[in-house]
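Participant: Here it is: the structure, laid out below.
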Amino acid sequence: MGTGLKRKDLLGTRDLSPEEIGLILDTAISMKEIASRDIKKVPTLRGKTIINLFYEPSTRTRTSFEIAGKWMSADVINISTSSSSVVKGETLKDTGLTLQAMHPDVVVIRHSAAGAPQILAGLLKASVINAGDGAHEHPTQALLDLFTIREKRGTLAGLKVAIVGDILHSRVARSNIFAMQKMGMQVRVCGPATMLPRYMDRLGVEVFSRIEPAIADVDIIMMLRIQLERQGGGLFPTLREYSKLFGLNLDRLKAAKQDVLIMHPGPINRGVEISPEVADGPYSLILNQVENGVAIRMAVLYLLAGGQAAAN
C-alpha cells in the first residue's frame with residue numbers, strides 16, 4: 001500500500017514540501033478521532049517496532065510518541081540514555097548499529113547535538129524521526145502547531161504569526177519558520193538582540209526588538225521558553241527583567257487582536273515568558289497543542305512505517 005510520504009526519514013521541516021506537510025496534517029485528522037474512542041487501539045502498526053531513543057529529558061514528545069505507537073498496536077521500546085550503554089561511553093554510531101541489529105522499523109531520537117538524527121538516518125535501514133536535535137529542528141512540534149492553527153482557523157495561508165522569545169536556541173522556532181512559510185504564512189520573530197540569530201532576515205521573517213509592535217496585528221502569538229540549559233549566561237540580566245520586557249501578560253495582550261490565538265510548545269515558565277492568566281485564558285491553545293501532538297505523531301509513524309488502513 002503506498003502511503004504517500006516518499007521518504008524514509010523525518011529529519012526536519014526545511015526539506016518537506018507543502019504537499020508532504022498537507023498529507024501529514026490531513027492524515028492526523030483521522031488519527032485524532034481514535035483519541036475519542038473508548039477503546040483507543042487500532043491494528044495499524046501491528047508487528048512494527050518503534051524505539052524511542054532520548055538523550056535529553058522530555059515529557060510531551062516522548063510520552064506522545066509512546067502513546068501514538070501503542071494506540072496503533074506497535075511494540076514501543078523506550079531507551080533513556082541515563083540507563084543505557086551511553087553512560088559507559090558508547091558512541092552514537094555504535095548505539096545506532098546496535099539498535100539496527102535488532103531490526104526496529106522506526107527510531108525516534110532526541111539529542112543535544114544538531115545533526116545527530118541525520119547521522120543515525122545514514123546508518124540505519126529503519127526510518128529515523130527527529131524528536132529535537134540541539135538548537136536545530138523539531139519537526140513534529142512544528143507540524144502539531146500547524147495542525148492546531150488549521151483546526152482553529154480552517155486555513156493556514158495568509159495568517160500572520162509572531163514568535164517571541166529565545167529564538168537563538170529554539171529548534172521549535174526554526175522548524176515552525178520553515179513549515180509556516182511553506183504553507184503561505186507570514187512570520188515575525190521578536191526577542192532580545194542577544195537571542196536573535198543574525199541570519200534571521202535571510203529566512204524572510206520580520207525581526208522586532210519590542211513585543212508590542214510585533215504582536216499588534218498577528219493572528220497567532222507563539223511564546224517560547226527561555227532555554228537556560230542551552231545558554232552560557234549573560235544573554236539577559238535577570239528573568240524578572242526579561243519578563244518585564246518580553247513577557248506576555250493581560251495588559252500587553254491589549255496590543256493584540258481581540259481573537260488572537262496564544263501558543264507555547266511547553267514546558268512553560270509561568271510568570272516569565274507568559275503569565276498564568278494568559279496561559280490558562282480563553283485564547284490559549286497550549287493544551288490543544290499537547291492533545292494534537294499525539295495525532296500528528298501517529299500520522300508520522302503511520303506514513304513512515306507503512307501502516308495499514310488507519311480506520312480499522
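In the C-alpha cells, the first chain shown is A, the next is B, and so on; residue numbers restart at 1 for each chain, and ligands run from 1 in the order shown.
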Could you give me, as a PDB file with N, CA, C and O atoms, in the first residue's frame, the residues within 12 Å of A:Arg270, counting only C-alpha atoms and dropping anything in the same chain fewer than 3 positions from it?

Facilitator:
ATOM      1  N   MET A 223       4.719  31.972  22.113  1.00  0.00           N
ATOM      2  CA  MET A 223       5.725  32.319  23.111  1.00  0.00           C
ATOM      3  C   MET A 223       6.687  31.150  23.299  1.00  0.00           C
ATOM      4  O   MET A 223       6.286  29.984  23.283  1.00  0.00           O
ATOM      5  N   LEU A 224       7.980  31.460  23.469  1.00  0.00           N
ATOM      6  CA  LEU A 224       8.989  30.427  23.647  1.00  0.00           C
ATOM      7  C   LEU A 224       9.578  30.487  25.047  1.00  0.00           C
ATOM      8  O   LEU A 224       9.693  31.556  25.644  1.00  0.00           O
ATOM      9  N   ARG A 225       9.988  29.330  25.527  1.00  0.00           N
ATOM     10  CA  ARG A 225      10.623  29.229  26.832  1.00  0.00           C
ATOM     11  C   ARG A 225      12.063  29.743  26.760  1.00  0.00           C
ATOM     12  O   ARG A 225      12.748  29.554  25.751  1.00  0.00           O
ATOM     13  N   ILE A 226      12.500  30.394  27.833  1.00  0.00           N
ATOM     14  CA  ILE A 226      13.918  30.748  27.957  1.00  0.00           C
ATOM     15  C   ILE A 226      14.684  29.453  28.219  1.00  0.00           C
ATOM     16  O   ILE A 226      14.436  28.769  29.209  1.00  0.00           O
ATOM     17  N   LEU A 239      15.737  37.118  34.935  1.00  0.00           N
ATOM     18  CA  LEU A 239      14.437  36.618  34.456  1.00  0.00           C
ATOM     19  C   LEU A 239      13.357  37.673  34.671  1.00  0.00           C
ATOM     20  O   LEU A 239      12.456  37.829  33.847  1.00  0.00           O
ATOM     21  N   ARG A 240      13.466  38.397  35.773  1.00  0.00           N
ATOM     22  CA  ARG A 240      12.469  39.419  36.070  1.00  0.00           C
ATOM     23  C   ARG A 240      12.487  40.522  35.011  1.00  0.00           C
ATOM     24  O   ARG A 240      11.446  40.981  34.561  1.00  0.00           O
ATOM     25  N   SER A 243      11.047  39.189  31.757  1.00  0.00           N
ATOM     26  CA  SER A 243       9.588  39.141  31.833  1.00  0.00           C
ATOM     27  C   SER A 243       8.975  40.529  31.650  1.00  0.00           C
ATOM     28  O   SER A 243       7.955  40.696  30.970  1.00  0.00           O
ATOM     29  N   GLY A 247       7.669  39.436  28.416  1.00  0.00           N
ATOM     30  CA  GLY A 247       6.645  38.509  28.904  1.00  0.00           C
ATOM     31  C   GLY A 247       5.260  38.895  28.383  1.00  0.00           C
ATOM     32  O   GLY A 247       4.954  40.074  28.216  1.00  0.00           O
ATOM     33  N   LEU A 248       4.434  37.886  28.110  1.00  0.00           N
ATOM     34  CA  LEU A 248       3.070  38.141  27.629  1.00  0.00           C
ATOM     35  C   LEU A 248       2.106  38.062  28.806  1.00  0.00           C
ATOM     36  O   LEU A 248       1.917  37.006  29.408  1.00  0.00           O
ATOM     37  N   ASN A 249       1.519  39.219  29.142  1.00  0.00           N
ATOM     38  CA  ASN A 249       0.530  39.270  30.221  1.00  0.00           C
ATOM     39  C   ASN A 249      -0.747  39.921  29.684  1.00  0.00           C
ATOM     40  O   ASN A 249      -0.818  40.346  28.532  1.00  0.00           O
ATOM     41  N   HIS A 264       2.285  27.909  22.888  1.00  0.00           N
ATOM     42  CA  HIS A 264       3.555  27.725  23.601  1.00  0.00           C
ATOM     43  C   HIS A 264       3.905  26.243  23.497  1.00  0.00           C
ATOM     44  O   HIS A 264       3.074  25.395  23.803  1.00  0.00           O
ATOM     45  N   GLY A 266       5.772  24.491  25.329  1.00  0.00           N
ATOM     46  CA  GLY A 266       5.978  23.854  26.626  1.00  0.00           C
ATOM     47  C   GLY A 266       7.410  23.304  26.743  1.00  0.00           C
ATOM     48  O   GLY A 266       8.080  23.112  25.745  1.00  0.00           O
ATOM     49  N   PRO A 267       7.877  23.080  27.965  1.00  0.00           N
ATOM     50  CA  PRO A 267       7.209  23.439  29.219  1.00  0.00           C
ATOM     51  C   PRO A 267       7.217  24.953  29.436  1.00  0.00           C
ATOM     52  O   PRO A 267       8.103  25.647  28.948  1.00  0.00           O
ATOM     53  N   GLU A 273       7.964  34.044  30.613  1.00  0.00           N
ATOM     54  CA  GLU A 273       7.587  34.440  29.247  1.00  0.00           C
ATOM     55  C   GLU A 273       6.083  34.569  29.068  1.00  0.00           C
ATOM     56  O   GLU A 273       5.607  35.177  28.110  1.00  0.00           O
ATOM     57  N   ILE A 274       5.310  33.998  29.994  1.00  0.00           N
ATOM     58  CA  ILE A 274       3.849  34.077  29.873  1.00  0.00           C
ATOM     59  C   ILE A 274       3.233  34.063  31.265  1.00  0.00           C
ATOM     60  O   ILE A 274       3.687  33.337  32.152  1.00  0.00           O
ATOM     61  N   SER A 275       2.230  34.919  31.469  1.00  0.00           N
ATOM     62  CA  SER A 275       1.589  34.975  32.788  1.00  0.00           C
ATOM     63  C   SER A 275       0.560  33.848  32.899  1.00  0.00           C
ATOM     64  O   SER A 275       0.014  33.388  31.886  1.00  0.00           O
ATOM     65  N   PRO A 276       0.266  33.373  34.114  1.00  0.00           N
ATOM     66  CA  PRO A 276      -0.718  32.303  34.292  1.00  0.00           C
ATOM     67  C   PRO A 276      -2.081  32.664  33.690  1.00  0.00           C
ATOM     68  O   PRO A 276      -2.759  31.809  33.122  1.00  0.00           O
ATOM     69  N   GLU A 277      -2.464  33.941  33.790  1.00  0.00           N
ATOM     70  CA  GLU A 277      -3.777  34.372  33.276  1.00  0.00           C
ATOM     71  C   GLU A 277      -3.872  34.200  31.758  1.00  0.00           C
ATOM     72  O   GLU A 277      -4.934  33.869  31.221  1.00  0.00           O
ATOM     73  N   VAL A 278      -2.753  34.416  31.066  1.00  0.00           N
ATOM     74  CA  VAL A 278      -2.744  34.252  29.610  1.00  0.00           C
ATOM     75  C   VAL A 278      -2.635  32.771  29.250  1.00  0.00           C
ATOM     76  O   VAL A 278      -3.333  32.266  28.362  1.00  0.00           O
ATOM     77  N   ALA A 279      -1.755  32.045  29.962  1.00  0.00           N
ATOM     78  CA  ALA A 279      -1.556  30.615  29.685  1.00  0.00           C
ATOM     79  C   ALA A 279      -2.841  29.824  29.858  1.00  0.00           C
ATOM     80  O   ALA A 279      -3.105  28.871  29.117  1.00  0.00           O
ATOM     81  N   ASP A 280      -3.659  30.220  30.841  1.00  0.00           N
ATOM     82  CA  ASP A 280      -4.898  29.493  31.140  1.00  0.00           C
ATOM     83  C   ASP A 280      -6.133  30.206  30.589  1.00  0.00           C
ATOM     84  O   ASP A 280      -7.264  29.813  30.876  1.00  0.00           O
TER      85      ASP A 280
END

Participant: Please provide the set of residues having any atom within 12 Å of A:Ser209, restricted to only C-alpha atoms, with same-chain residues fewer than 6 positions apart removed, written as a PyMOL selection string.

Facilitator: chain A and resi 162-167+188-196+215+245-246

Participant: Export N, CA, C and O atoms of the chosen residues as a short mmCIF file (atom, residue, chain, number, x, y, z; two decimals), in the first residue's frame?

Facilitator:
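The result, stored in selection.cif:
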data_model
loop_
_atom_site.label_atom_id
_atom_site.label_comp_id
_atom_site.auth_asym_id
_atom_site.auth_seq_id
_atom_site.Cartn_x
_atom_site.Cartn_y
_atom_site.Cartn_z
N ALA A 162 3.52 35.76 15.24
CA ALA A 162 4.71 36.33 15.91
C ALA A 162 5.27 35.27 16.84
O ALA A 162 4.56 34.76 17.71
N ILE A 163 6.55 34.94 16.65
CA ILE A 163 7.24 34.00 17.55
C ILE A 163 8.13 34.84 18.45
O ILE A 163 9.01 35.57 17.97
N VAL A 164 7.89 34.75 19.76
CA VAL A 164 8.52 35.68 20.71
C VAL A 164 9.36 34.92 21.73
O VAL A 164 8.89 33.97 22.35
N GLY A 165 10.62 35.36 21.90
CA GLY A 165 11.44 34.80 22.98
C GLY A 165 12.84 34.43 22.53
O GLY A 165 13.47 35.14 21.76
N ASP A 166 13.29 33.28 23.03
CA ASP A 166 14.67 32.82 22.82
C ASP A 166 14.78 32.14 21.46
O ASP A 166 14.86 30.92 21.36
N ILE A 167 14.80 32.93 20.40
CA ILE A 167 14.84 32.40 19.03
C ILE A 167 16.17 31.69 18.77
O ILE A 167 16.23 30.66 18.11
N ARG A 188 6.87 36.62 11.96
CA ARG A 188 7.68 37.63 12.64
C ARG A 188 8.39 36.97 13.81
O ARG A 188 7.84 36.05 14.43
N VAL A 189 9.57 37.45 14.13
CA VAL A 189 10.23 37.00 15.35
C VAL A 189 10.55 38.21 16.21
O VAL A 189 10.77 39.31 15.70
N CYS A 190 10.55 37.98 17.52
CA CYS A 190 10.80 39.08 18.46
C CYS A 190 11.52 38.53 19.68
O CYS A 190 11.18 37.45 20.18
N GLY A 191 12.50 39.27 20.15
CA GLY A 191 13.22 38.88 21.35
C GLY A 191 14.37 39.83 21.60
O GLY A 191 14.62 40.75 20.81
N PRO A 192 15.09 39.63 22.71
CA PRO A 192 16.27 40.46 22.97
C PRO A 192 17.28 40.27 21.83
O PRO A 192 17.39 39.18 21.26
N ALA A 193 18.02 41.31 21.51
CA ALA A 193 19.00 41.25 20.42
C ALA A 193 19.98 40.10 20.61
O ALA A 193 20.43 39.47 19.65
N THR A 194 20.30 39.77 21.88
CA THR A 194 21.25 38.69 22.18
C THR A 194 20.66 37.32 21.87
O THR A 194 21.38 36.32 21.85
N MET A 195 19.34 37.25 21.66
CA MET A 195 18.69 35.96 21.40
C MET A 195 18.09 35.88 20.00
O MET A 195 17.29 35.00 19.71
N LEU A 196 18.48 36.82 19.14
CA LEU A 196 18.03 36.80 17.75
C LEU A 196 19.22 36.47 16.85
O LEU A 196 20.17 37.25 16.78
N ILE A 215 3.32 42.01 18.10
CA ILE A 215 2.05 41.28 18.26
C ILE A 215 0.83 42.08 17.81
O ILE A 215 -0.30 41.59 17.86
N LEU A 245 10.16 43.00 29.93
CA LEU A 245 10.31 43.49 28.56
C LEU A 245 9.62 42.61 27.52
O LEU A 245 9.12 43.11 26.52
N PHE A 246 9.61 41.29 27.75
CA PHE A 246 9.14 40.38 26.70
C PHE A 246 8.07 39.38 27.16
O PHE A 246 7.62 38.57 26.37
#

Participant: Would you mind telling me which residue in A:Glu56, A:Glu20, A:Asp217, A:Asp105 lies nearest to A:Gly306 when using only C-alpha atoms?

Facilitator: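 Ranked by minimum distance to A:Gly306, first place goes to A:Asp105.
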
Participant: Mind checking which residues fall within 7 Å of stretch 109-113 of chain A, counting only C-alpha atoms, ignoring those fewer than 2 positions away in the same chain, and posting them as a PyMOL selection string?

Facilitator: chain A and resi 52-56+107+115-117+129-134

Participant: To test your reading of the structure, identify every residue in stretch 78-224 of chain A that backbone DSSP assigns to strand (DSSP E or B), and report it as a PyMOL selection string.

Facilitator: chain A and resi 78-80+106-111+127-133+137+160-164+186-190+206-208+220-223

Participant: Convert the current residue selection to file output with N, CA and C atoms, as a compact mmCIF listing (two decimals), in the first residue's frame.

Facilitator:
# COMPACT_ATOMS: atom_id res chain seq x y z
N ASN A 78 11.30 2.19 24.99
CA ASN A 78 11.87 3.48 25.39
C ASN A 78 13.27 3.27 25.94
N ILE A 79 14.23 4.02 25.39
CA ILE A 79 15.60 3.97 25.91
C ILE A 79 15.96 5.35 26.43
N SER A 80 16.19 5.42 27.74
CA SER A 80 16.70 6.65 28.33
C SER A 80 18.21 6.48 28.45
N VAL A 106 11.22 1.83 13.21
CA VAL A 106 11.35 3.28 13.38
C VAL A 106 12.20 3.56 14.62
N VAL A 107 13.12 4.53 14.50
CA VAL A 107 13.85 5.02 15.67
C VAL A 107 13.55 6.51 15.81
N VAL A 108 13.01 6.89 16.94
CA VAL A 108 12.72 8.30 17.25
C VAL A 108 13.86 8.78 18.14
N ILE A 109 14.57 9.83 17.73
CA ILE A 109 15.73 10.28 18.50
C ILE A 109 15.63 11.74 18.90
N ARG A 110 15.95 12.01 20.16
CA ARG A 110 16.18 13.38 20.63
C ARG A 110 17.62 13.45 21.13
N HIS A 111 18.32 14.48 20.69
CA HIS A 111 19.76 14.57 21.01
C HIS A 111 20.15 16.03 21.16
N SER A 127 13.41 3.74 9.60
CA SER A 127 13.07 5.17 9.50
C SER A 127 13.52 5.88 10.76
N VAL A 128 14.07 7.08 10.61
CA VAL A 128 14.51 7.89 11.75
C VAL A 128 13.65 9.15 11.82
N ILE A 129 13.13 9.43 13.00
CA ILE A 129 12.34 10.64 13.23
C ILE A 129 13.08 11.53 14.21
N ASN A 130 13.29 12.78 13.82
CA ASN A 130 13.96 13.76 14.68
C ASN A 130 12.95 14.30 15.70
N ALA A 131 13.18 13.98 16.97
CA ALA A 131 12.33 14.49 18.04
C ALA A 131 12.97 15.68 18.74
N GLY A 132 13.88 16.35 18.00
CA GLY A 132 14.56 17.53 18.54
C GLY A 132 16.05 17.30 18.58
N ASP A 133 16.83 18.11 17.82
CA ASP A 133 18.29 17.97 17.86
C ASP A 133 18.93 19.32 18.12
N GLU A 137 16.37 21.54 14.78
CA GLU A 137 14.98 21.38 14.35
C GLU A 137 14.19 20.49 15.30
N LYS A 160 -0.85 35.55 9.94
CA LYS A 160 0.38 36.15 10.46
C LYS A 160 0.66 35.59 11.85
N VAL A 161 1.92 35.28 12.10
CA VAL A 161 2.31 34.76 13.41
C VAL A 161 3.53 35.50 13.92
N ALA A 162 3.52 35.76 15.24
CA ALA A 162 4.71 36.33 15.91
C ALA A 162 5.27 35.27 16.84
N ILE A 163 6.55 34.94 16.65
CA ILE A 163 7.24 34.00 17.55
C ILE A 163 8.13 34.84 18.45
N VAL A 164 7.89 34.75 19.76
CA VAL A 164 8.52 35.68 20.71
C VAL A 164 9.36 34.92 21.73
N GLN A 186 2.85 34.35 7.14
CA GLN A 186 3.86 35.39 7.34
C GLN A 186 4.38 35.29 8.77
N VAL A 187 5.70 35.27 8.92
CA VAL A 187 6.29 35.04 10.23
C VAL A 187 7.10 36.25 10.70
N ARG A 188 6.87 36.62 11.96
CA ARG A 188 7.68 37.63 12.64
C ARG A 188 8.39 36.97 13.81
N VAL A 189 9.57 37.45 14.13
CA VAL A 189 10.23 37.00 15.35
C VAL A 189 10.55 38.21 16.21
N CYS A 190 10.55 37.98 17.52
CA CYS A 190 10.80 39.08 18.46
C CYS A 190 11.52 38.53 19.68
N GLU A 206 10.18 38.91 9.46
CA GLU A 206 10.33 40.27 10.00
C GLU A 206 10.90 40.17 11.41
N VAL A 207 11.85 41.02 11.73
CA VAL A 207 12.50 40.97 13.04
C VAL A 207 12.12 42.20 13.87
N PHE A 208 11.65 41.94 15.10
CA PHE A 208 11.25 43.01 16.02
C PHE A 208 12.05 42.91 17.31
N ILE A 220 -1.66 34.80 15.41
CA ILE A 220 -1.15 33.85 16.41
C ILE A 220 0.08 34.44 17.08
N ILE A 221 0.15 34.31 18.40
CA ILE A 221 1.36 34.65 19.14
C ILE A 221 1.91 33.36 19.72
N MET A 222 3.14 33.01 19.35
CA MET A 222 3.78 31.82 19.89
C MET A 222 4.90 32.25 20.84
N MET A 223 4.72 31.97 22.11
CA MET A 223 5.72 32.32 23.11
C MET A 223 6.69 31.15 23.30

Participant: So, with only C-alpha atoms as the atoms that count, which of A:Leu5, A:Tyr283, A:Arg171, A:Pro104 lies closest to A:Lys257?

Facilitator: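 Smallest separation from A:Lys257 among the options: A:Tyr283.
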
Participant: Measuring between only C-alpha atoms, which one of A:Asp75, A:Asp251, A:Asp145, A:Asp259 shows the shortest distance to A:Leu287?

Facilitator: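 So, comparing all the options, the nearest one is A:Asp145.
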